[in-house]
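Asks: Got a structure for you, questions after.
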Amino acid sequence: MGKKRLRGRSPARTGALLAAGLVATGLLAACGTDSGTKINVYYAPEDNFQSVVDNCNKAAGGRYEIVYNKLQRGADDQRIQMARRLAAGDTSMDILGLDVTWVSEFAEAGWAEEWTGQNKAAASDGVLQGPLETATYNGKLYAAPKNTNVQLLWYDDRITPNPPKTWDEMMQMSQQLKKEKKPYSIVFTGAQYEGLVVIYNTLVESLGGHILSDDGKSVVMDQGAVDALALLKQVTSSGITDPSLTNQKEDDVRQTFQRGNAAFELNWPFVYASYAEEKPQDLAHFKWAVYPEAKAGMPAKTTIGGYDLAVSTYSQHKPEAFEAALCLRSAENQKFSAINDGVPPTIESVYHNDVPLDPSKPASADNPNMAIKYPMRDTILDALKTAAVRPLSPAYQNASTVMSKILSPPSEIDPPVTAQQLREQLSDALQSKGVIP
């Protein structure tokens with residue numbers, strides 16, 4: 001999620017660079033292949049995504065060629081580049097890799113083509129409800145879910161043999177471990193950015209609350225949202241979080257836990273592969289569980305992440321773009337990406353697919369299947385079945401900026417006062433329907 005902003009360029013300079021980029025892209029697109037049809041996909045950096053593209057190009061049989069245009073690593077930079085080019089009516093963009101929080105904005109702006117008929121049926125088939133919601137706006141499908149993501153609770157069974165079931169239990173265990181002078185901290189993304197908003201949204205949803213209305217057009221901030229503020233303040237002001245909480249993003253959280261400086265880690269599944277690579281001798285003790293309940297007896301509704309694939313309304317090759325997008329997020333390619341890049345599938349059946357990458361050979365560490373790479377797959381699936389999505393609003397980026405600012409630092413939250421600040425400033429944020437930064 002690492003947020004980065006463009007700074008230090010005058011509007012004229014930025015415009016010149018943008019124009020140059022469009023011209024260069026146009027020249028590249030004009031080169032084409034023997035078929036003359038080139039499908040440009042703009043997508044975040046993913047180590048093995050080019051192999052997926054290559055597979056889909058083979059399947060296309062020369063009718064078109066998919067070209068992977070790798071976006072910047074920072075999420076903000078990705079969004080800004082695509083938004084600016086689409087606002088200029090760039091026809092060289094065919095498939096758009098959208099963070100799940102951008103679909104509403106791009107649909108409202110008229111940049112994402114609606115999925116209908118057989119394309120819609122294929123893009124929805126077997127997809128888990130949460131990921132499918134992220135691709136939907138005003139009851140219409142505007143993208144095909146490619147991969148999802150969900151946070152789990154991670155712990156070391158040498159310190160805590162049994163994971164806590166609730167936040168109250170986790171805080172009590174943390175306090176006891178602190179008295180025993182053992183690793184005790186609860187670590188999560190507490191920096192002033194989207195990661196803090198994700199934590200807050202999870203607590204709100206888990207307490208049955210709402211930040212915005214279901215249509216994303218008005219502010220609710222009900223009792224569940226206020227109770228979530230109280231819980232966030234409690235955990236961060238009780239001396240049981242890491243001293244660097246307000247500077248910590250996902251990888252900082254991972255490293256803190258991996259160094260043995262925490263008892264409980266709330267983070268995405270990427271931490272397992274990192275732990276396996278960097279501390280293989282301790283991997284047998286690195287355990288996971290579903291997110292703790294904010295209210296006993298109510299399963300947590302963990303906020304999901306991920307990417308969806310949209311077809312640009314300016315694409316000159318829409319039939320081919322829809323076909324290519326479906327291939328890039330097919331069940332087989334989702335399995336390949338899950339095993340090789342650690343991105344959880346959106347199609348439920350993939351979680352149960354234990355055929356190794358090379359079916360002619362037995363499954364092994366060198367020829368893995370889902371069971372080997374995703375030992376926590378059943379827990380991920382359980383979490384996804386009760387998952388929450390972030391507010392589906394075209395102005396979500398504005399709303400997120402407001403929330404991260406007001407929630408930081410979380411130890412200074414005053415629930416009723418902070419709730420009123422959120423009501424007022426979120427109302428102002430919603431007046432903008434996704435302004436390009």
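Identifiers for the structure tokens are assigned positionally: chains receive A, B, ... in sequence, residues are indexed from 1 per chain, and ligands are indexed from 1 in the order shown.
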Name all residues at most 9 Å from A:Val389 (count only C-alpha atoms; drop same-chain ones fewer than 5 positions away) and give them as a list of chain:residue names.

Replies: A:Val100, A:Thr101, A:Gly130, A:Pro131, A:Glu133, A:Thr134, A:Asn201, A:Thr202, A:Glu205, A:Lys301, A:Thr302, A:Thr303, A:Ile304, A:Gly305

Asks: Write out as JSON, numbers by chain all residues of stretch 300-339 of chain A that backbone DSSP assigns to alpha helix (DSSP H).

Replies: {"A": [318, 319, 320, 321, 322, 323, 324, 325, 326, 327, 328, 331, 332, 333, 334, 335, 336, 337, 338, 339]}

Asks: Just want the 12 Å neighbourhood of A:Thr256, counted on only C-alpha atoms, with same-chain residues fewer than 3 positions away dropped. Output as a PyMOL selection string.

Replies: chain A and resi 183-189+241-245+247-253+259-267+271+275

Asks: List every residue of stretch 43-234 of chain A that DSSP, applied to the backbone of this structure, places in strand (DSSP E or B), and write the result as a PyMOL selection string.

Replies: chain A and resi 43+65-70+95-99+112+127+136-137+140-141+144-150+152-156+166+186-187+212+219

Asks: When you count only C-alpha atoms, which of these residues is closest to A:Asn48: A:Asp341, A:Glu348, A:Glu105, A:Pro391?

Replies: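 Of the candidates, the smallest distance to A:Asn48 is held by A:Asp341.
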
Asks: So which residues touch A:Trp102 within 10 Å, counting only C-alpha atoms, skipping near sequence neighbours fewer than 4 positions away, as a PDB file with all heavy atoms, in the first residue's frame?

Replies:
```pdb
ATOM      1  N   ARG A  79      -2.354   4.722  -9.272  1.00  0.00           N
ATOM      2  CA  ARG A  79      -3.652   5.352  -9.501  1.00  0.00           C
ATOM      3  C   ARG A  79      -3.503   6.675 -10.256  1.00  0.00           C
ATOM      4  O   ARG A  79      -4.255   6.964 -11.188  1.00  0.00           O
ATOM      5  CB  ARG A  79      -4.339   5.568  -8.155  1.00  0.00           C
ATOM      6  CG  ARG A  79      -5.627   6.367  -8.239  1.00  0.00           C
ATOM      7  CD  ARG A  79      -6.287   6.496  -6.870  1.00  0.00           C
ATOM      8  NE  ARG A  79      -7.286   7.546  -6.869  1.00  0.00           N
ATOM      9  CZ  ARG A  79      -7.035   8.807  -6.575  1.00  0.00           C
ATOM     10  NH1 ARG A  79      -5.803   9.194  -6.253  1.00  0.00           N
ATOM     11  NH2 ARG A  79      -8.005   9.712  -6.608  1.00  0.00           N
ATOM     12  N   GLY A  97      -5.327  -2.575 -14.108  1.00  0.00           N
ATOM     13  CA  GLY A  97      -5.214  -3.284 -12.842  1.00  0.00           C
ATOM     14  C   GLY A  97      -5.560  -2.333 -11.710  1.00  0.00           C
ATOM     15  O   GLY A  97      -4.789  -1.428 -11.393  1.00  0.00           O
ATOM     16  N   LEU A  98      -6.752  -2.513 -11.130  1.00  0.00           N
ATOM     17  CA  LEU A  98      -7.248  -1.573 -10.124  1.00  0.00           C
ATOM     18  C   LEU A  98      -7.197  -2.163  -8.722  1.00  0.00           C
ATOM     19  O   LEU A  98      -7.717  -3.256  -8.482  1.00  0.00           O
ATOM     20  CB  LEU A  98      -8.698  -1.179 -10.442  1.00  0.00           C
ATOM     21  CG  LEU A  98      -8.978  -0.558 -11.819  1.00  0.00           C
ATOM     22  CD1 LEU A  98     -10.453  -0.177 -11.929  1.00  0.00           C
ATOM     23  CD2 LEU A  98      -8.097   0.665 -12.053  1.00  0.00           C
ATOM     24  N   PHE A 106     -13.291   4.775 -10.683  1.00  0.00           N
ATOM     25  CA  PHE A 106     -13.082   4.662 -12.125  1.00  0.00           C
ATOM     26  C   PHE A 106     -14.404   4.420 -12.852  1.00  0.00           C
ATOM     27  O   PHE A 106     -14.591   4.896 -13.974  1.00  0.00           O
ATOM     28  CB  PHE A 106     -12.068   3.546 -12.426  1.00  0.00           C
ATOM     29  CG  PHE A 106     -10.633   3.959 -12.245  1.00  0.00           C
ATOM     30  CD1 PHE A 106     -10.186   4.516 -11.052  1.00  0.00           C
ATOM     31  CD2 PHE A 106      -9.712   3.801 -13.271  1.00  0.00           C
ATOM     32  CE1 PHE A 106      -8.868   4.900 -10.881  1.00  0.00           C
ATOM     33  CE2 PHE A 106      -8.380   4.187 -13.120  1.00  0.00           C
ATOM     34  CZ  PHE A 106      -7.952   4.740 -11.912  1.00  0.00           C
ATOM     35  N   ALA A 107     -15.319   3.691 -12.215  1.00  0.00           N
ATOM     36  CA  ALA A 107     -16.635   3.471 -12.829  1.00  0.00           C
ATOM     37  C   ALA A 107     -17.414   4.780 -12.884  1.00  0.00           C
ATOM     38  O   ALA A 107     -18.020   5.125 -13.913  1.00  0.00           O
ATOM     39  CB  ALA A 107     -17.408   2.418 -12.040  1.00  0.00           C
ATOM     40  N   THR A 134     -16.103  -5.971  -4.392  1.00  0.00           N
ATOM     41  CA  THR A 134     -15.136  -4.910  -4.687  1.00  0.00           C
ATOM     42  C   THR A 134     -15.162  -4.501  -6.156  1.00  0.00           C
ATOM     43  O   THR A 134     -14.737  -3.398  -6.503  1.00  0.00           O
ATOM     44  CB  THR A 134     -13.693  -5.334  -4.332  1.00  0.00           C
ATOM     45  OG1 THR A 134     -13.244  -6.356  -5.240  1.00  0.00           O
ATOM     46  CG2 THR A 134     -13.600  -5.849  -2.909  1.00  0.00           C
ATOM     47  N   ALA A 135     -15.638  -5.392  -7.021  1.00  0.00           N
ATOM     48  CA  ALA A 135     -15.657  -5.121  -8.463  1.00  0.00           C
ATOM     49  C   ALA A 135     -16.999  -4.566  -8.921  1.00  0.00           C
ATOM     50  O   ALA A 135     -17.203  -4.348 -10.115  1.00  0.00           O
ATOM     51  CB  ALA A 135     -15.339  -6.402  -9.232  1.00  0.00           C
ATOM     52  N   TYR A 307      -6.634  -6.963  -6.130  1.00  0.00           N
ATOM     53  CA  TYR A 307      -6.701  -6.239  -7.404  1.00  0.00           C
ATOM     54  C   TYR A 307      -7.795  -6.822  -8.294  1.00  0.00           C
ATOM     55  O   TYR A 307      -8.033  -8.031  -8.296  1.00  0.00           O
ATOM     56  CB  TYR A 307      -5.364  -6.324  -8.141  1.00  0.00           C
ATOM     57  CG  TYR A 307      -4.380  -5.257  -7.717  1.00  0.00           C
ATOM     58  CD1 TYR A 307      -3.557  -5.443  -6.613  1.00  0.00           C
ATOM     59  CD2 TYR A 307      -4.286  -4.047  -8.405  1.00  0.00           C
ATOM     60  CE1 TYR A 307      -2.653  -4.470  -6.210  1.00  0.00           C
ATOM     61  CE2 TYR A 307      -3.387  -3.064  -8.017  1.00  0.00           C
ATOM     62  CZ  TYR A 307      -2.573  -3.285  -6.919  1.00  0.00           C
ATOM     63  OH  TYR A 307      -1.695  -2.307  -6.520  1.00  0.00           O
ATOM     64  N   ASP A 308      -8.437  -5.928  -9.023  1.00  0.00           N
ATOM     65  CA  ASP A 308      -9.432  -6.300 -10.019  1.00  0.00           C
ATOM     66  C   ASP A 308      -8.963  -5.822 -11.391  1.00  0.00           C
ATOM     67  O   ASP A 308      -8.206  -4.852 -11.494  1.00  0.00           O
ATOM     68  CB  ASP A 308     -10.786  -5.651  -9.691  1.00  0.00           C
ATOM     69  CG  ASP A 308     -11.327  -6.075  -8.331  1.00  0.00           C
ATOM     70  OD1 ASP A 308     -11.046  -7.215  -7.919  1.00  0.00           O
ATOM     71  OD2 ASP A 308     -12.020  -5.272  -7.684  1.00  0.00           O
ATOM     72  N   LEU A 392     -17.597   1.524  -0.463  1.00  0.00           N
ATOM     73  CA  LEU A 392     -17.589   1.588  -1.928  1.00  0.00           C
ATOM     74  C   LEU A 392     -18.069   2.965  -2.371  1.00  0.00           C
ATOM     75  O   LEU A 392     -19.257   3.197  -2.587  1.00  0.00           O
ATOM     76  CB  LEU A 392     -18.474   0.479  -2.505  1.00  0.00           C
ATOM     77  CG  LEU A 392     -18.054  -0.957  -2.138  1.00  0.00           C
ATOM     78  CD1 LEU A 392     -19.069  -1.967  -2.638  1.00  0.00           C
ATOM     79  CD2 LEU A 392     -16.673  -1.264  -2.700  1.00  0.00           C
ATOM     80  N   SER A 393     -17.120   3.879  -2.486  1.00  0.00           N
ATOM     81  CA  SER A 393     -17.441   5.264  -2.836  1.00  0.00           C
ATOM     82  C   SER A 393     -16.456   5.774  -3.870  1.00  0.00           C
ATOM     83  O   SER A 393     -15.258   5.494  -3.778  1.00  0.00           O
ATOM     84  CB  SER A 393     -17.367   6.152  -1.587  1.00  0.00           C
ATOM     85  OG  SER A 393     -17.384   7.519  -1.928  1.00  0.00           O
ATOM     86  N   PRO A 394     -16.944   6.561  -4.863  1.00  0.00           N
ATOM     87  CA  PRO A 394     -16.016   7.162  -5.827  1.00  0.00           C
ATOM     88  C   PRO A 394     -15.025   8.101  -5.148  1.00  0.00           C
ATOM     89  O   PRO A 394     -13.951   8.359  -5.683  1.00  0.00           O
ATOM     90  CB  PRO A 394     -16.941   7.940  -6.773  1.00  0.00           C
ATOM     91  CG  PRO A 394     -18.282   7.314  -6.603  1.00  0.00           C
ATOM     92  CD  PRO A 394     -18.348   6.852  -5.186  1.00  0.00           C
ATOM     93  N   ALA A 395     -15.399   8.600  -3.973  1.00  0.00           N
ATOM     94  CA  ALA A 395     -14.536   9.531  -3.250  1.00  0.00           C
ATOM     95  C   ALA A 395     -13.731   8.821  -2.164  1.00  0.00           C
ATOM     96  O   ALA A 395     -13.280   9.461  -1.216  1.00  0.00           O
ATOM     97  CB  ALA A 395     -15.376  10.649  -2.630  1.00  0.00           C
ATOM     98  N   TYR A 396     -13.538   7.514  -2.312  1.00  0.00           N
ATOM     99  CA  TYR A 396     -12.869   6.774  -1.239  1.00  0.00           C
ATOM    100  C   TYR A 396     -11.471   7.305  -0.953  1.00  0.00           C
ATOM    101  O   TYR A 396     -11.051   7.365   0.214  1.00  0.00           O
ATOM    102  CB  TYR A 396     -12.782   5.270  -1.555  1.00  0.00           C
ATOM    103  CG  TYR A 396     -12.081   4.542  -0.428  1.00  0.00           C
ATOM    104  CD1 TYR A 396     -12.759   4.260   0.751  1.00  0.00           C
ATOM    105  CD2 TYR A 396     -10.722   4.220  -0.501  1.00  0.00           C
ATOM    106  CE1 TYR A 396     -12.108   3.655   1.823  1.00  0.00           C
ATOM    107  CE2 TYR A 396     -10.064   3.626   0.564  1.00  0.00           C
ATOM    108  CZ  TYR A 396     -10.766   3.338   1.728  1.00  0.00           C
ATOM    109  OH  TYR A 396     -10.118   2.768   2.790  1.00  0.00           O
ATOM    110  N   GLN A 397     -10.705   7.682  -1.963  1.00  0.00           N
ATOM    111  CA  GLN A 397      -9.339   8.159  -1.726  1.00  0.00           C
ATOM    112  C   GLN A 397      -9.357   9.391  -0.832  1.00  0.00           C
ATOM    113  O   GLN A 397      -8.521   9.528   0.069  1.00  0.00           O
ATOM    114  CB  GLN A 397      -8.636   8.470  -3.055  1.00  0.00           C
ATOM    115  CG  GLN A 397      -8.526   7.277  -3.984  1.00  0.00           C
ATOM    116  CD  GLN A 397      -7.856   6.082  -3.322  1.00  0.00           C
ATOM    117  OE1 GLN A 397      -6.828   6.218  -2.674  1.00  0.00           O
ATOM    118  NE2 GLN A 397      -8.444   4.912  -3.482  1.00  0.00           N
ATOM    119  N   GLY A 434     -13.959  11.763  -6.532  1.00  0.00           N
ATOM    120  CA  GLY A 434     -12.712  11.198  -7.065  1.00  0.00           C
ATOM    121  C   GLY A 434     -11.922  12.173  -7.900  1.00  0.00           C
ATOM    122  O   GLY A 434     -11.720  11.976  -9.079  1.00  0.00           O
TER     123      GLY A 434
END
```

Asks: Would you mind listing what lies within 8 Å of A:Leu328 as a PyMOL selection string, with only C-alpha atoms counted and same-chain residues fewer than 5 positions away left out?

Replies: chain A and resi 52-53+56+146+333-334

Asks: Mind dumping the selected residues with N, CA and C atoms as a PDB file, in the first residue's frame?

Replies:
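As written to disk, result.pdb reads:
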```pdb
ATOM      1  N   VAL A  52       2.247 -15.269 -16.622  1.00  0.00           N
ATOM      2  CA  VAL A  52       0.799 -15.373 -16.844  1.00  0.00           C
ATOM      3  C   VAL A  52       0.444 -14.755 -18.193  1.00  0.00           C
ATOM      4  N   VAL A  53       1.025 -13.596 -18.475  1.00  0.00           N
ATOM      5  CA  VAL A  53       0.800 -12.936 -19.761  1.00  0.00           C
ATOM      6  C   VAL A  53       1.248 -13.833 -20.910  1.00  0.00           C
ATOM      7  N   CYS A  56      -1.250 -16.549 -21.568  1.00  0.00           N
ATOM      8  CA  CYS A  56      -2.456 -16.063 -22.242  1.00  0.00           C
ATOM      9  C   CYS A  56      -2.177 -15.699 -23.704  1.00  0.00           C
ATOM     10  N   LYS A 146      -9.230 -10.354  -9.685  1.00  0.00           N
ATOM     11  CA  LYS A 146      -8.024 -11.122 -10.020  1.00  0.00           C
ATOM     12  C   LYS A 146      -7.445 -11.826  -8.794  1.00  0.00           C
ATOM     13  N   ASN A 333      -4.568 -19.605 -13.782  1.00  0.00           N
ATOM     14  CA  ASN A 333      -3.593 -18.537 -13.607  1.00  0.00           C
ATOM     15  C   ASN A 333      -3.638 -17.955 -12.195  1.00  0.00           C
ATOM     16  N   GLN A 334      -4.807 -17.981 -11.564  1.00  0.00           N
ATOM     17  CA  GLN A 334      -4.872 -17.549 -10.166  1.00  0.00           C
ATOM     18  C   GLN A 334      -4.077 -18.510  -9.274  1.00  0.00           C
TER      19      GLN A 334
END
```

Asks: Excluding stretch 363-379 of chain A and any residue of its chain fewer than 6 positions from it, enumerate the residues within 9 Å of it, using only C-alpha atoms, and give them as number ranges by chain.

Replies: A: 152, 269, 272-273, 287-290, 335, 338-340, 342, 344, 350-357

Asks: Can you tell me how far atom CA of A:Ser349 sits from atom CA of A:Gly126, in Å to one decimal?

Replies: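 Atom-to-atom, atom CA of A:Ser349 to atom CA of A:Gly126, that is 7.1 Å.
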
Asks: For each of A:Gly239, A:Pro145, A:Pro164, A:Gly195, take the minimum atom-to-atom distance to A:Lys178, counting only C-alpha atoms, then give the residue where this is smallest.

Replies: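 Using only C-alpha atoms, the shortest distance to A:Lys178 belongs to A:Gly239.
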
Asks: When you count only C-alpha atoms, which of these residues is closest to A:Glu320: A:Leu86, A:Ile95, A:Ala296, A:Ala399?

Replies: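 Smallest separation from A:Glu320 among the options: A:Ile95.
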
Asks: Nearest residue to A:Leu381 out of A:Asn55, A:Thr116, A:Asn149, A:Thr160, using only C-alpha atoms?

Replies: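 The closest residue to A:Leu381 is A:Asn149.
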
Asks: Extract, using only C-alpha atoms, all DNA, RNA and protein residues at most 12 Å from A:Leu407, discarding same-chain residues fewer than 4 positions from it, and format them as a ChimeraX atom specification.

Replies: /A:190-201,226,228-230,232-233,236,246,400-403,411-415,417-419,421-422

Asks: Could you write out that same residue set with N, CA and C atoms as a CSV table (one decimal), in the first residue's frame?

Replies:
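Wrote again.csv, looks like this:
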```
chain,number,residue,atom,x,y,z
A,190,GLY,N,0.1,0.9,12.2
A,190,GLY,CA,-0.4,2.1,12.9
A,190,GLY,C,0.0,3.4,12.3
A,191,ALA,N,0.8,3.4,11.2
A,191,ALA,CA,1.2,4.6,10.6
A,191,ALA,C,0.0,5.4,10.0
A,192,GLN,N,0.2,6.7,9.7
A,192,GLN,CA,-0.8,7.5,9.1
A,192,GLN,C,-0.9,7.3,7.6
A,193,TYR,N,-1.6,6.2,7.3
A,193,TYR,CA,-1.8,5.8,5.8
A,193,TYR,C,-3.0,4.8,5.8
A,194,GLU,N,-3.2,4.2,4.6
A,194,GLU,CA,-4.3,3.3,4.4
A,194,GLU,C,-4.3,2.1,5.3
A,195,GLY,N,-3.1,1.7,5.8
A,195,GLY,CA,-3.1,0.5,6.7
A,195,GLY,C,-3.8,0.8,8.0
A,196,LEU,N,-3.8,2.0,8.5
A,196,LEU,CA,-4.5,2.3,9.7
A,196,LEU,C,-6.0,2.3,9.5
A,197,VAL,N,-6.4,2.8,8.3
A,197,VAL,CA,-7.8,2.8,7.9
A,197,VAL,C,-8.3,1.4,7.8
A,198,VAL,N,-7.5,0.5,7.3
A,198,VAL,CA,-7.9,-0.9,7.1
A,198,VAL,C,-8.2,-1.5,8.5
A,199,ILE,N,-7.3,-1.3,9.5
A,199,ILE,CA,-7.5,-1.8,10.9
A,199,ILE,C,-8.8,-1.2,11.4
A,200,TYR,N,-9.0,0.1,11.3
A,200,TYR,CA,-10.2,0.7,11.8
A,200,TYR,C,-11.5,0.2,11.1
A,201,ASN,N,-11.5,0.0,9.8
A,201,ASN,CA,-12.6,-0.5,9.1
A,201,ASN,C,-13.0,-1.9,9.6
A,226,VAL,N,-18.2,4.2,16.6
A,226,VAL,CA,-17.7,4.9,17.8
A,226,VAL,C,-17.0,3.9,18.8
A,228,ALA,N,-15.6,1.2,17.9
A,228,ALA,CA,-14.3,0.8,17.2
A,228,ALA,C,-13.3,1.8,17.6
A,229,LEU,N,-13.6,3.1,17.6
A,229,LEU,CA,-12.7,4.1,18.1
A,229,LEU,C,-12.2,3.8,19.5
A,230,ALA,N,-13.1,3.5,20.4
A,230,ALA,CA,-12.8,3.2,21.8
A,230,ALA,C,-11.8,2.0,21.9
A,232,LEU,N,-9.8,0.9,19.5
A,232,LEU,CA,-8.5,1.2,18.9
A,232,LEU,C,-7.7,2.1,19.9
A,233,LYS,N,-8.4,3.0,20.6
A,233,LYS,CA,-7.7,3.8,21.6
A,233,LYS,C,-7.2,2.9,22.8
A,236,THR,N,-4.0,0.8,22.0
A,236,THR,CA,-2.8,1.6,21.7
A,236,THR,C,-2.4,2.5,22.8
A,246,THR,N,3.3,4.1,15.4
A,246,THR,CA,2.8,5.2,14.5
A,246,THR,C,3.7,5.4,13.3
A,400,SER,N,-10.3,8.2,2.7
A,400,SER,CA,-9.2,7.5,3.3
A,400,SER,C,-8.2,8.5,3.9
A,401,THR,N,-7.9,9.5,3.1
A,401,THR,CA,-6.9,10.5,3.6
A,401,THR,C,-7.4,11.2,4.8
A,402,VAL,N,-8.7,11.5,4.9
A,402,VAL,CA,-9.3,12.1,6.0
A,402,VAL,C,-9.2,11.2,7.2
A,403,MET,N,-9.6,10.0,7.0
A,403,MET,CA,-9.6,9.0,8.2
A,403,MET,C,-8.2,8.8,8.7
A,411,SER,N,-3.6,6.5,19.8
A,411,SER,CA,-3.6,6.5,21.3
A,411,SER,C,-4.2,7.8,21.8
A,412,GLU,N,-4.4,8.8,20.9
A,412,GLU,CA,-5.0,10.1,21.3
A,412,GLU,C,-6.4,10.3,20.9
A,413,ILE,N,-7.0,9.2,20.4
A,413,ILE,CA,-8.4,9.2,20.0
A,413,ILE,C,-9.3,9.5,21.3
A,414,ASP,N,-10.3,10.4,21.1
A,414,ASP,CA,-11.3,10.6,22.1
A,414,ASP,C,-12.6,10.2,21.4
A,415,PRO,N,-13.1,9.0,21.6
A,415,PRO,CA,-14.2,8.5,20.8
A,415,PRO,C,-15.3,9.4,20.4
A,417,VAL,N,-15.5,12.7,20.4
A,417,VAL,CA,-15.0,13.9,19.7
A,417,VAL,C,-14.4,13.5,18.4
A,418,THR,N,-13.7,12.4,18.3
A,418,THR,CA,-13.1,11.9,17.1
A,418,THR,C,-14.2,11.5,16.1
A,419,ALA,N,-15.2,10.9,16.6
A,419,ALA,CA,-16.4,10.5,15.8
A,419,ALA,C,-17.0,11.7,15.1
A,421,GLN,N,-15.5,14.6,14.5
A,421,GLN,CA,-14.6,15.1,13.5
A,421,GLN,C,-14.7,14.3,12.2
A,422,LEU,N,-14.8,13.0,12.3
A,422,LEU,CA,-15.0,12.1,11.2
A,422,LEU,C,-16.3,12.4,10.4
```
